[in-house]
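*Asks:* What follows is the file model-v6.csv, containing CSV, C-alpha atoms and all ligand atoms:
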```csv
chain,number,residue,atom,x,y,z
A,19,MET,CA,-24.5,9.8,57.2
A,20,ARG,CA,-27.5,11.8,56.0
A,21,LEU,CA,-28.9,9.9,53.0
A,22,LEU,CA,-31.5,11.2,50.5
A,23,VAL,CA,-33.3,8.3,49.0
A,24,THR,CA,-35.5,9.0,45.9
A,25,GLY,CA,-38.1,6.4,45.3
A,26,GLY,CA,-37.6,5.2,48.9
A,27,ALA,CA,-41.3,4.3,49.2
A,28,GLY,CA,-41.0,1.8,46.3
A,29,TYR,CA,-40.0,-1.9,46.5
A,30,VAL,CA,-36.2,-1.8,46.3
A,31,GLY,CA,-35.8,1.7,47.8
A,32,SER,CA,-37.8,0.9,50.9
A,33,HIS,CA,-35.5,-2.1,51.7
A,34,LEU,CA,-32.5,0.3,51.3
A,35,VAL,CA,-34.2,2.7,53.7
A,36,TRP,CA,-34.6,0.1,56.4
A,37,GLU,CA,-31.1,-1.3,55.9
A,38,ALA,CA,-29.7,2.2,56.2
A,39,VAL,CA,-31.7,3.0,59.3
A,40,ASP,CA,-30.5,-0.3,60.9
A,41,ALA,CA,-26.9,0.7,60.1
A,42,GLY,CA,-27.5,4.0,62.0
A,43,HIS,CA,-27.9,6.5,59.0
A,44,ASP,CA,-30.2,9.4,59.0
A,45,VAL,CA,-32.6,8.9,56.0
A,46,VAL,CA,-34.9,11.2,54.2
A,47,VAL,CA,-37.1,9.8,51.4
A,48,LEU,CA,-38.2,11.8,48.4
A,49,ASP,CA,-41.1,10.1,46.5
A,50,ASP,CA,-44.1,11.2,44.6
A,51,LEU,CA,-46.0,8.0,45.7
A,52,SER,CA,-46.9,7.3,42.0
A,53,THR,CA,-46.1,3.6,42.6
A,54,GLY,CA,-44.7,3.7,46.2
A,55,HIS,CA,-46.4,3.2,49.5
A,56,ALA,CA,-46.0,5.6,52.4
A,57,GLU,CA,-47.2,3.1,54.9
A,58,VAL,CA,-44.0,1.0,54.7
A,59,LEU,CA,-42.1,3.9,56.1
A,60,PRO,CA,-43.5,4.7,59.5
A,61,ASP,CA,-41.4,7.3,61.4
A,62,ILE,CA,-39.2,8.0,58.3
A,63,GLU,CA,-39.1,11.6,57.0
A,64,LEU,CA,-40.9,11.5,53.7
A,65,VAL,CA,-40.9,14.5,51.3
A,66,VAL,CA,-43.7,14.0,48.8
A,67,ALA,CA,-42.4,15.6,45.6
A,68,ASN,CA,-42.0,14.8,41.9
A,69,LEU,CA,-38.5,14.9,40.4
A,70,LEU,CA,-39.9,16.8,37.4
A,71,ASP,CA,-40.7,19.7,39.8
A,72,ARG,CA,-37.3,21.2,39.2
A,73,ASP,CA,-37.7,24.1,41.7
A,74,ARG,CA,-38.8,21.9,44.5
A,75,ILE,CA,-36.1,19.4,43.9
A,76,HIS,CA,-33.4,22.2,43.9
A,77,ALA,CA,-34.9,23.7,47.1
A,78,GLY,CA,-35.2,20.3,48.7
A,79,VAL,CA,-31.6,19.1,48.0
A,80,LYS,CA,-30.3,22.5,49.2
A,81,ARG,CA,-32.3,22.3,52.4
A,82,LEU,CA,-31.5,18.7,53.2
A,83,LYS,CA,-27.8,18.9,52.1
A,84,PRO,CA,-27.3,15.1,52.2
A,85,ASP,CA,-23.9,13.3,52.3
A,86,ALA,CA,-25.1,11.1,49.4
A,87,VAL,CA,-28.1,10.6,47.2
A,88,LEU,CA,-29.5,7.1,46.3
A,89,HIS,CA,-31.7,7.4,43.3
A,90,PHE,CA,-34.3,4.6,42.9
A,91,ALA,CA,-37.2,6.7,41.6
A,92,ALA,CA,-38.1,5.7,38.1
A,93,LYS,CA,-40.9,4.2,35.9
A,94,SER,CA,-39.9,0.6,35.2
A,95,LEU,CA,-42.5,-1.3,33.2
A,96,VAL,CA,-41.0,-2.4,29.9
A,97,GLY,CA,-44.4,-2.8,28.1
A,98,GLU,CA,-45.6,0.6,29.3
A,99,SER,CA,-42.3,2.1,28.1
A,100,MET,CA,-43.0,0.8,24.6
A,101,ARG,CA,-46.5,2.4,24.5
A,102,ARG,CA,-45.5,5.7,26.2
A,103,PRO,CA,-41.8,6.3,25.6
A,104,ASP,CA,-42.4,10.0,26.3
A,105,LEU,CA,-43.3,9.3,29.9
A,106,TYR,CA,-40.2,7.2,30.4
A,107,PHE,CA,-37.7,9.6,28.9
A,108,ARG,CA,-39.2,12.5,30.8
A,109,ASN,CA,-39.5,10.8,34.1
A,110,ASN,CA,-36.3,8.8,34.1
A,111,VAL,CA,-33.9,11.0,32.2
A,112,VAL,CA,-35.2,14.6,32.8
A,113,GLY,CA,-36.1,13.6,36.5
A,114,SER,CA,-32.5,12.3,37.0
A,115,MET,CA,-31.0,15.4,35.4
A,116,ASN,CA,-33.0,17.7,37.7
A,117,LEU,CA,-31.7,15.7,40.7
A,118,LEU,CA,-28.1,15.8,39.5
A,119,ASP,CA,-28.2,19.5,38.8
A,120,ALA,CA,-29.7,20.1,42.2
A,121,MET,CA,-26.8,18.1,43.7
A,122,ARG,CA,-24.3,20.1,41.7
A,123,GLU,CA,-25.8,23.4,42.9
A,124,ALA,CA,-25.8,22.2,46.5
A,125,ASP,CA,-22.3,20.7,46.2
A,126,VAL,CA,-23.4,17.1,47.0
A,127,GLY,CA,-21.0,14.8,45.2
A,128,ARG,CA,-22.0,11.2,45.9
A,129,PHE,CA,-24.7,9.4,43.8
A,130,VAL,CA,-25.8,5.8,43.6
A,131,PHE,CA,-28.1,5.0,40.7
A,132,SER,CA,-30.5,2.1,40.2
A,133,SER,CA,-29.6,0.8,36.7
A,134,THR,CA,-30.8,-2.4,35.2
A,135,ALA,CA,-30.0,-5.5,33.2
A,136,ALA,CA,-32.2,-3.9,30.5
A,137,VAL,CA,-29.3,-1.7,29.4
A,138,TYR,CA,-27.7,-4.8,27.8
A,139,GLY,CA,-30.6,-5.8,25.6
A,140,GLU,CA,-30.0,-9.2,24.1
A,141,ALA,CA,-26.6,-9.9,25.6
A,142,GLU,CA,-24.1,-11.8,23.5
A,143,THR,CA,-22.3,-13.4,26.4
A,144,CYS,CA,-23.3,-15.1,29.6
A,145,PRO,CA,-22.7,-14.5,32.4
A,146,ILE,CA,-23.0,-10.9,31.4
A,147,GLU,CA,-20.0,-8.7,32.3
A,148,GLU,CA,-20.1,-4.9,32.6
A,149,THR,CA,-17.9,-4.7,29.4
A,150,SER,CA,-20.7,-6.4,27.3
A,151,THR,CA,-22.2,-4.2,24.6
A,152,LEU,CA,-25.1,-1.9,25.8
A,153,ALA,CA,-27.9,-2.3,23.3
A,154,PRO,CA,-31.2,-1.8,25.1
A,155,ILE,CA,-34.3,-3.0,23.2
A,156,ASN,CA,-37.0,-0.8,24.8
A,157,PRO,CA,-37.3,2.8,26.0
A,158,TYR,CA,-37.1,1.8,29.7
A,159,GLY,CA,-33.6,0.3,29.1
A,160,THR,CA,-32.6,3.2,26.9
A,161,SER,CA,-33.6,5.7,29.5
A,162,LYS,CA,-31.4,4.0,32.1
A,163,LYS,CA,-28.5,3.9,29.6
A,164,MET,CA,-28.9,7.6,28.9
A,165,VAL,CA,-28.7,8.3,32.7
A,166,GLU,CA,-25.5,6.2,32.8
A,167,GLU,CA,-24.1,8.4,30.0
A,168,LEU,CA,-25.1,11.6,31.9
A,169,LEU,CA,-23.3,10.2,35.0
A,170,ALA,CA,-20.1,9.6,33.0
A,171,ALA,CA,-20.2,13.2,31.7
A,172,TYR,CA,-21.0,14.7,35.2
A,173,ALA,CA,-18.1,12.7,36.7
A,174,ASP,CA,-15.7,13.8,33.9
A,175,ALA,CA,-16.7,17.4,34.6
A,176,GLY,CA,-15.8,16.9,38.2
A,177,TRP,CA,-19.4,17.5,39.4
A,178,VAL,CA,-20.8,14.3,40.8
A,179,ASN,CA,-19.1,10.9,41.4
A,180,SER,CA,-21.4,7.9,41.0
A,181,VAL,CA,-21.9,4.2,41.1
A,182,ALA,CA,-24.6,2.8,38.7
A,183,LEU,CA,-25.8,-0.6,40.0
A,184,ARG,CA,-27.2,-2.8,37.3
A,185,TYR,CA,-29.6,-5.3,38.8
A,186,PHE,CA,-31.5,-8.1,37.3
A,187,ASN,CA,-34.4,-9.5,39.2
A,188,ALA,CA,-34.9,-8.1,42.7
A,189,ALA,CA,-36.8,-10.6,44.8
A,190,GLY,CA,-37.8,-11.4,48.4
A,191,ALA,CA,-38.8,-9.1,51.3
A,192,ASP,CA,-37.5,-7.6,54.5
A,193,ALA,CA,-36.7,-10.3,57.1
A,194,LYS,CA,-38.4,-8.2,59.8
A,195,GLY,CA,-41.6,-7.8,57.6
A,196,ARG,CA,-41.4,-4.0,57.4
A,197,THR,CA,-41.7,-3.9,53.6
A,198,GLY,CA,-42.0,-6.1,50.6
A,199,GLU,CA,-43.0,-6.2,46.9
A,200,ASP,CA,-46.3,-4.5,46.1
A,201,HIS,CA,-46.5,-3.5,42.4
A,202,ASP,CA,-49.7,-2.9,40.4
A,203,PRO,CA,-49.7,-4.4,37.8
A,204,GLU,CA,-47.3,-7.1,39.1
A,205,THR,CA,-45.1,-8.4,36.3
A,206,HIS,CA,-42.5,-10.4,38.3
A,207,LEU,CA,-42.6,-14.2,38.6
A,208,ILE,CA,-42.1,-14.7,42.3
A,209,PRO,CA,-44.9,-12.4,43.6
A,210,ILE,CA,-47.2,-13.7,40.8
A,211,ALA,CA,-46.5,-17.3,41.9
A,212,LEU,CA,-47.0,-16.6,45.6
A,213,MET,CA,-50.1,-14.6,45.0
A,214,ALA,CA,-51.5,-17.5,43.0
A,215,ALA,CA,-50.6,-19.8,45.9
A,216,ALA,CA,-52.4,-17.4,48.2
A,217,GLY,CA,-55.5,-17.7,46.1
A,218,SER,CA,-55.3,-14.7,43.6
A,219,GLY,CA,-57.1,-16.9,41.0
A,220,ARG,CA,-54.4,-16.2,38.4
A,221,ARG,CA,-53.4,-19.3,36.6
A,222,LEU,CA,-49.6,-19.8,36.3
A,223,LYS,CA,-47.9,-20.5,32.9
A,224,LEU,CA,-44.5,-22.0,32.5
A,225,PHE,CA,-43.2,-20.8,29.1
A,226,GLY,CA,-40.9,-23.3,27.4
A,227,THR,CA,-39.6,-26.6,28.8
A,228,ASP,CA,-37.1,-27.5,26.0
A,229,TYR,CA,-34.4,-24.9,26.6
A,230,PRO,CA,-30.8,-26.2,26.8
A,231,THR,CA,-30.6,-25.7,30.6
A,232,ARG,CA,-30.4,-28.2,33.5
A,233,ASP,CA,-34.2,-28.8,33.6
A,234,GLY,CA,-35.3,-27.4,30.2
A,235,THR,CA,-36.7,-24.1,31.6
A,236,CYS,CA,-35.2,-20.6,31.4
A,237,VAL,CA,-32.5,-19.5,33.9
A,238,ARG,CA,-32.9,-16.1,35.5
A,239,ASP,CA,-30.9,-14.1,38.0
A,240,TYR,CA,-32.8,-13.4,41.3
A,241,VAL,CA,-31.0,-11.5,44.0
A,242,HIS,CA,-32.6,-10.8,47.4
A,243,VAL,CA,-33.6,-7.2,47.8
A,244,SER,CA,-31.8,-6.9,51.1
A,245,ASP,CA,-28.6,-8.1,49.4
A,246,LEU,CA,-29.2,-5.3,46.8
A,247,ALA,CA,-29.7,-2.8,49.7
A,248,ASP,CA,-26.4,-3.9,51.2
A,249,ALA,CA,-24.6,-3.3,47.9
A,250,HIS,CA,-26.0,0.3,47.8
A,251,LEU,CA,-24.6,1.1,51.2
A,252,ARG,CA,-21.3,-0.4,50.2
A,253,ALA,CA,-21.4,1.9,47.1
A,254,VAL,CA,-22.0,5.0,49.2
A,255,ASN,CA,-18.9,4.0,51.3
A,256,TRP,CA,-16.9,3.4,48.2
A,257,LEU,CA,-17.7,6.9,47.0
A,258,GLU,CA,-16.0,8.4,50.1
A,259,ASP,CA,-12.7,8.0,48.3
A,260,GLY,CA,-13.7,6.5,44.9
A,261,ALA,CA,-14.1,8.9,42.0
A,262,GLY,CA,-15.6,8.7,38.5
A,263,ALA,CA,-18.7,6.9,37.3
A,264,GLN,CA,-18.6,3.2,38.2
A,265,ARG,CA,-21.0,0.6,36.6
A,266,ILE,CA,-21.4,-2.6,38.5
A,267,ASN,CA,-23.7,-5.6,38.0
A,268,LEU,CA,-25.5,-7.0,41.0
A,269,GLY,CA,-26.1,-10.6,40.0
A,270,SER,CA,-25.6,-14.1,41.4
A,271,SER,CA,-23.4,-15.3,38.5
A,272,GLU,CA,-25.5,-18.5,38.6
A,273,GLY,CA,-29.3,-18.0,38.6
A,274,TYR,CA,-32.2,-20.4,39.1
A,275,THR,CA,-34.5,-22.1,36.6
A,276,VAL,CA,-38.2,-21.1,36.5
A,277,ARG,CA,-39.0,-24.7,37.5
A,278,GLU,CA,-36.7,-24.4,40.5
A,279,VAL,CA,-38.4,-21.2,41.5
A,280,LEU,CA,-41.9,-22.8,41.2
A,281,THR,CA,-40.9,-26.0,43.0
A,282,THR,CA,-39.2,-24.2,45.9
A,283,ALA,CA,-42.2,-21.8,46.1
A,284,GLY,CA,-44.5,-24.9,46.5
A,285,ASP,CA,-42.2,-26.2,49.3
A,286,VAL,CA,-42.3,-22.9,51.1
A,287,VAL,CA,-46.0,-22.5,50.8
A,288,GLY,CA,-46.6,-26.1,51.8
A,289,THR,CA,-48.5,-27.2,48.8
A,290,PRO,CA,-47.2,-27.7,45.2
A,291,LEU,CA,-48.0,-24.8,42.9
A,292,GLN,CA,-50.3,-25.6,39.9
A,293,PHE,CA,-49.0,-24.4,36.5
A,294,ASP,CA,-49.5,-25.1,32.8
A,295,GLU,CA,-46.5,-25.9,30.7
A,296,VAL,CA,-46.9,-24.0,27.4
A,297,GLU,CA,-44.8,-23.1,24.3
A,298,ARG,CA,-41.7,-20.9,24.6
A,299,ARG,CA,-42.4,-17.1,24.5
A,300,ALA,CA,-40.8,-15.2,21.6
A,301,GLY,CA,-37.7,-13.3,22.6
A,302,ASP,CA,-37.0,-15.1,25.9
A,303,PRO,CA,-33.3,-16.1,26.0
A,304,ALA,CA,-32.4,-19.5,27.7
A,305,VAL,CA,-30.1,-18.0,30.3
A,306,LEU,CA,-29.8,-14.4,31.6
A,307,VAL,CA,-27.4,-14.1,34.5
A,308,ALA,CA,-24.9,-11.5,35.5
A,309,SER,CA,-21.3,-11.9,36.7
A,310,HIS,CA,-20.8,-10.2,40.0
A,311,ALA,CA,-17.0,-10.4,39.8
A,312,ARG,CA,-16.7,-6.6,39.6
A,313,ALA,CA,-19.1,-6.1,42.5
A,314,LYS,CA,-16.9,-8.5,44.6
A,315,ALA,CA,-13.6,-6.8,43.5
A,316,VAL,CA,-14.8,-3.2,44.0
A,317,LEU,CA,-17.4,-3.4,46.8
A,318,GLY,CA,-16.5,-6.7,48.4
A,319,TRP,CA,-20.1,-7.7,47.7
A,320,SER,CA,-21.7,-11.1,46.7
A,321,PRO,CA,-25.2,-12.2,47.3
A,322,GLU,CA,-25.8,-14.0,50.6
A,323,ARG,CA,-29.4,-15.0,50.6
A,324,ASP,CA,-30.4,-18.1,48.6
A,325,LEU,CA,-33.6,-18.9,46.7
A,326,ARG,CA,-35.3,-20.5,49.7
A,327,THR,CA,-34.7,-17.3,51.8
A,328,ILE,CA,-36.0,-15.2,48.9
A,329,LEU,CA,-39.2,-17.2,48.8
A,330,GLU,CA,-39.6,-17.5,52.6
A,331,THR,CA,-39.4,-13.8,53.1
A,332,ALA,CA,-41.6,-13.0,50.1
A,333,TRP,CA,-44.2,-15.5,51.3
A,334,ARG,CA,-44.3,-14.0,54.8
A,335,TRP,CA,-44.9,-10.6,53.2
A,336,HIS,CA,-47.5,-11.8,50.7
A,337,SER,CA,-49.5,-13.7,53.3
A,338,ARG,CA,-49.2,-11.0,56.0
A,339,ALA,CA,-52.1,-9.1,57.6
A,340,SER,CA,-52.2,-5.4,56.6
A,341,SER,CA,-50.2,-3.3,59.1
A,342,GLY,CA,-51.8,0.1,58.4
A,343,HIS,CA,-48.9,2.3,59.5
A,344,ALA,CA,-48.8,6.0,58.7
A,345,ALA,CA,-45.7,7.8,57.6
A,346,SER,CA,-44.6,11.2,58.8
A,347,THR,CA,-44.7,13.6,55.8
A,348,THR,CA,-43.0,17.0,55.3
A,349,THR,CA,-42.8,19.3,52.3
A,350,THR,CA,-39.8,21.2,50.9
A,401,LIG,N1,-37.6,-4.4,40.8
A,401,LIG,C1,-36.6,-4.9,40.0
A,401,LIG,O1,-36.5,-6.1,39.9
A,401,LIG,C2,-35.6,-4.0,39.4
A,401,LIG,C3,-34.7,-4.5,38.5
A,401,LIG,C4,-33.7,-3.7,37.9
A,401,LIG,C5,-33.8,-2.3,38.2
A,401,LIG,N2,-34.7,-1.8,39.0
A,401,LIG,C6,-34.7,-0.3,39.2
A,401,LIG,O2,-34.8,-0.1,40.6
A,401,LIG,C7,-35.5,1.0,40.9
A,401,LIG,C8,-36.6,0.7,41.9
A,401,LIG,O3,-37.5,-0.3,41.3
A,401,LIG,P1,-38.8,-0.8,42.1
A,401,LIG,O4,-39.1,-2.2,41.7
A,401,LIG,O5,-38.5,-0.6,43.6
A,401,LIG,O6,-39.9,0.2,41.6
A,401,LIG,P2,-41.1,0.9,42.4
A,401,LIG,O7,-42.0,1.3,41.3
A,401,LIG,O8,-41.6,0.0,43.4
A,401,LIG,O9,-40.4,2.1,43.0
A,401,LIG,C9,-40.1,3.3,42.3
A,401,LIG,C10,-40.4,4.5,43.3
A,401,LIG,O10,-40.1,5.7,42.6
A,401,LIG,C11,-41.2,6.6,42.8
A,401,LIG,N3,-41.2,7.6,41.7
A,401,LIG,C12,-41.3,7.3,40.4
A,401,LIG,N4,-41.2,8.4,39.6
A,401,LIG,C13,-41.0,9.4,40.4
A,401,LIG,C14,-40.8,10.8,40.3
A,401,LIG,N5,-40.8,11.4,39.1
A,401,LIG,N6,-40.6,11.6,41.4
A,401,LIG,C15,-40.6,11.0,42.6
A,401,LIG,N7,-40.8,9.7,42.8
A,401,LIG,C16,-41.0,8.9,41.8
A,401,LIG,C17,-42.5,5.8,42.9
A,401,LIG,O11,-43.5,6.4,43.6
A,401,LIG,C18,-41.9,4.6,43.7
A,401,LIG,O12,-42.0,4.7,45.1
A,401,LIG,C19,-36.1,1.6,39.6
A,401,LIG,O13,-35.2,2.6,39.2
A,401,LIG,C20,-36.0,0.4,38.7
A,401,LIG,O14,-35.8,0.8,37.3
A,401,LIG,C21,-35.7,-2.6,39.6
```
Starting from the file, give its structure as structure tokens.
*Replies:*
Amino acid sequence: MRLLVTGGAGYVGSHLVWEAVDAGHDVVVLDDLSTGHAEVLPDIELVVANLLDRDRIHAGVKRLKPDAVLHFAAKSLVGESMRRPDLYFRNNVVGSMNLLDAMREADVGRFVFSSTAAVYGEAETCPIEETSTLAPINPYGTSKKMVEELLAAYADAGWVNSVALRYFNAAGADAKGRTGEDHDPETHLIPIALMAAAGSGRRLKLFGTDYPTRDGTCVRDYVHVSDLADAHLRAVNWLEDGAGAQRINLGSSEGYTVREVLTTAGDVVGTPLQFDEVERRAGDPAVLVASHARAKAVLGWSPERDLRTILETAWRWHSRASSGHAASTTTT
């Protein structure tokens, strides 16, 4: 298949790109490189364009005429979304709408969307099911919920069928070392911990050790980014016959405690990680994990890579020498 991947130069998107190439698909990436890295996509066709440039997006989708679009491109920093909600609604909602309208015009009917746990807000039940109330507590989560609503309306109108994949914490890196996590600022526990182990100088803090969990620290849902990529390809296949607007959690149903993450990271790195145990942080729930029962039923998907694999692949990436590849770039 010919796949158009927006945000394919970013962390999760670039893993999908390589999984799709490995599976024999023809992949074109559309990315404005605002947070992405062209050097992780050598020999992949890269269109450098912003989703807010409506005319270029319409021309690009019409020219490329993909079988399906996988839409990763978004701004995704919760704190920044509180300070600059305008940026988040414009980029994530208007950008998605430009893309969907371009698909409609070019008669492209299959869409896979990167949604997020943030659409649930403070979930009432755990593990979280897709039927849980959607009550996002920041503009980032609201922007993703708004796109899910757009998708429902576009499916009802018979324009675009879609699968929104709600993921929690993407983690790990490509087993072949072709891509990995590289955010600036980095806000995720695993890369922060591994960069500290590699000598970043950042002192780790473990917030709260008295939660009602197996070791007193918070439980969070980490899924290997290559497992996420696999779910995206399954969603594209599902859309060959499947219609409507599906919403599916990509979680482990179990999760790992923060202490388990830090201890396993120390094992992988070969030296125990140093961290300070401090008071709980306001607003951190004890357990945040997603049920993947629907992912299993609809897509036949469940996560295959465990915490050690997540940390080993991530560590290989973070301790790598810079590869310095150049991507091939085209314009629409
Ligand atoms: N990383 C996670 O743990 C996580 C969890 C849940 C959901 N998500 C979602 O998954 C997607 C990918 O996340 P990520 O961590 O890879 O982020 P990322 O920042 O690494 O990747 C996003 C990519 O989109 C591009 N982009 C952003 N706005 C654009 C625009 N207007 N036009 C063109 N390109 C644009 C960026 O340059 C970047 O390459 C996002 O939609 C995010 O909300 C990520």
*Asks:* Tell me which of A:Leu329, A:Ala120, A:Ala253, A:Ala92 sits closest to Arg74 (chain A), counting all atoms listed in the file.
*Replies:*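 When distances to Arg74 (chain A) are compared using all atoms listed in the file, the smallest one comes from A:Ala120.
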*Asks:* Can you check which parts of region 247-291 of chain A lie within 9 Å of region 206-210 of chain A? Per residue, the shortest pair of atoms and distance in Å to one decimal, counting only C-alpha atoms, sorted by chain and number, as a Markdown table.
*Replies:*
```
| residue | atom | partner | partner_atom | distance |
| --- | --- | --- | --- | --- |
| A:Val276 | CA | A:Leu207 | CA | 8.4 |
| A:Val279 | CA | A:Ile208 | CA | 7.5 |
| A:Leu280 | CA | A:Ile208 | CA | 8.2 |
| A:Ala283 | CA | A:Ile208 | CA | 8.1 |
```
*Asks:* Tell me, as a short mmCIF file (atom, residue, chain, number, x, y, z; two decimals) with C-alpha atoms, in the coordinates of the input, which residues lie within 6 Å of Ala182 (chain A), counting all atoms listed in the file; anything in the same chain fewer than 5 positions away does not count.
*Replies:*
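around_26.cif was written with the following content:
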```cif
data_model
loop_
_atom_site.label_atom_id
_atom_site.label_comp_id
_atom_site.auth_asym_id
_atom_site.auth_seq_id
_atom_site.Cartn_x
_atom_site.Cartn_y
_atom_site.Cartn_z
CA VAL A 130 -25.80 5.80 43.60
CA PHE A 131 -28.10 5.00 40.70
CA SER A 133 -29.60 0.80 36.70
CA ARG A 265 -21.00 0.60 36.60
#
```
*Asks:* I'd like the interatomic distance between CA of Ala214 (chain A) and atom C18 of ligand LIG 401 (chain A), to a tenth of an Å.
*Replies:* 24.1 Å
*Asks:* Using all atoms listed in the file, which of the listed residues (A:Arg338, A:Lys194, A:Arg72, A:His89) sits closest to ligand LIG 401 (chain A)?
*Replies:* A:His89
*Asks:* Of the residues A:Glu199, A:Asp174, A:Asp119, A:Glu57, which is the one nearest to ligand LIG 401 (chain A), using all atoms listed in the file?
*Replies:* A:Glu199
*Asks:* Could you list, as a VMD selection string, every residue within 12 Å of Ile75 (chain A), counting only C-alpha atoms and ignoring same-chain residues fewer than 3 positions away?
*Replies:* chain A and resid 22 24 48 to 50 65 to 72 78 to 83 113 to 121 123 to 124 349 to 350
*Asks:* Can you work out the spacing between CA of Asn156 (chain A) and CA of Asp248 (chain A) in Å, to one decimal?
*Replies:*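 That distance, rounded to one decimal, is 28.6 Å.
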*Asks:* Would you list the residues that come within 7 Å of ligand LIG 401 (chain A)? Count all atoms listed in the file and give the answer as a tab-separated table (two decimals) with C-alpha atoms, keeping the file's coordinate frame.
*Replies:*
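The new file out_13.tsv reads:
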```
chain	number	residue	atom	x	y	z
A	24	THR	CA	-35.50	9.00	45.90
A	25	GLY	CA	-38.10	6.40	45.30
A	26	GLY	CA	-37.60	5.20	48.90
A	27	ALA	CA	-41.30	4.30	49.20
A	28	GLY	CA	-41.00	1.80	46.30
A	29	TYR	CA	-40.00	-1.90	46.50
A	30	VAL	CA	-36.20	-1.80	46.30
A	31	GLY	CA	-35.80	1.70	47.80
A	48	LEU	CA	-38.20	11.80	48.40
A	49	ASP	CA	-41.10	10.10	46.50
A	50	ASP	CA	-44.10	11.20	44.60
A	51	LEU	CA	-46.00	8.00	45.70
A	52	SER	CA	-46.90	7.30	42.00
A	53	THR	CA	-46.10	3.60	42.60
A	54	GLY	CA	-44.70	3.70	46.20
A	55	HIS	CA	-46.40	3.20	49.50
A	67	ALA	CA	-42.40	15.60	45.60
A	68	ASN	CA	-42.00	14.80	41.90
A	69	LEU	CA	-38.50	14.90	40.40
A	70	LEU	CA	-39.90	16.80	37.40
A	90	PHE	CA	-34.30	4.60	42.90
A	91	ALA	CA	-37.20	6.70	41.60
A	92	ALA	CA	-38.10	5.70	38.10
A	93	LYS	CA	-40.90	4.20	35.90
A	94	SER	CA	-39.90	0.60	35.20
A	109	ASN	CA	-39.50	10.80	34.10
A	113	GLY	CA	-36.10	13.60	36.50
A	132	SER	CA	-30.50	2.10	40.20
A	133	SER	CA	-29.60	0.80	36.70
A	134	THR	CA	-30.80	-2.40	35.20
A	135	ALA	CA	-30.00	-5.50	33.20
A	184	ARG	CA	-27.20	-2.80	37.30
A	185	TYR	CA	-29.60	-5.30	38.80
A	186	PHE	CA	-31.50	-8.10	37.30
A	187	ASN	CA	-34.40	-9.50	39.20
A	188	ALA	CA	-34.90	-8.10	42.70
A	189	ALA	CA	-36.80	-10.60	44.80
A	201	HIS	CA	-46.50	-3.50	42.40
```
*Asks:* Go through A:Asp239, A:Glu297, A:Glu258, A:Asp125 one by one, measure the shortest atom-to-atom distance of each to Val181 (chain A) using all atoms listed in the file, and give the residue with the smallest value.
*Replies:*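 Answer, going by the shortest atom-to-atom distance: A:Glu258.
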*Asks:* Ranking A:Val126, A:Leu224, A:Leu21, A:Ala191 by minimum distance to Trp335 (chain A) and counting all atoms listed in the file, which one comes first?
*Replies:* A:Ala191
*Asks:* Could you pull the residues within 8 Å of His250 (chain A), counting all atoms listed in the file, minus those fewer than 6 positions along the same chain, as a ChimeraX atom specification?
*Replies:* /A:34,88,130,183
*Asks:* Those residues you just picked out, can you put them in a file as a compact mmCIF listing (two decimals), in the frame of the given file with C-alpha atoms?
*Replies:*
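Wrote out19.txt, looks like this:
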```
# COMPACT_ATOMS: atom_id res chain seq x y z
CA LEU A 34 -32.50 0.30 51.30
CA LEU A 88 -29.50 7.10 46.30
CA VAL A 130 -25.80 5.80 43.60
CA LEU A 183 -25.80 -0.60 40.00
```
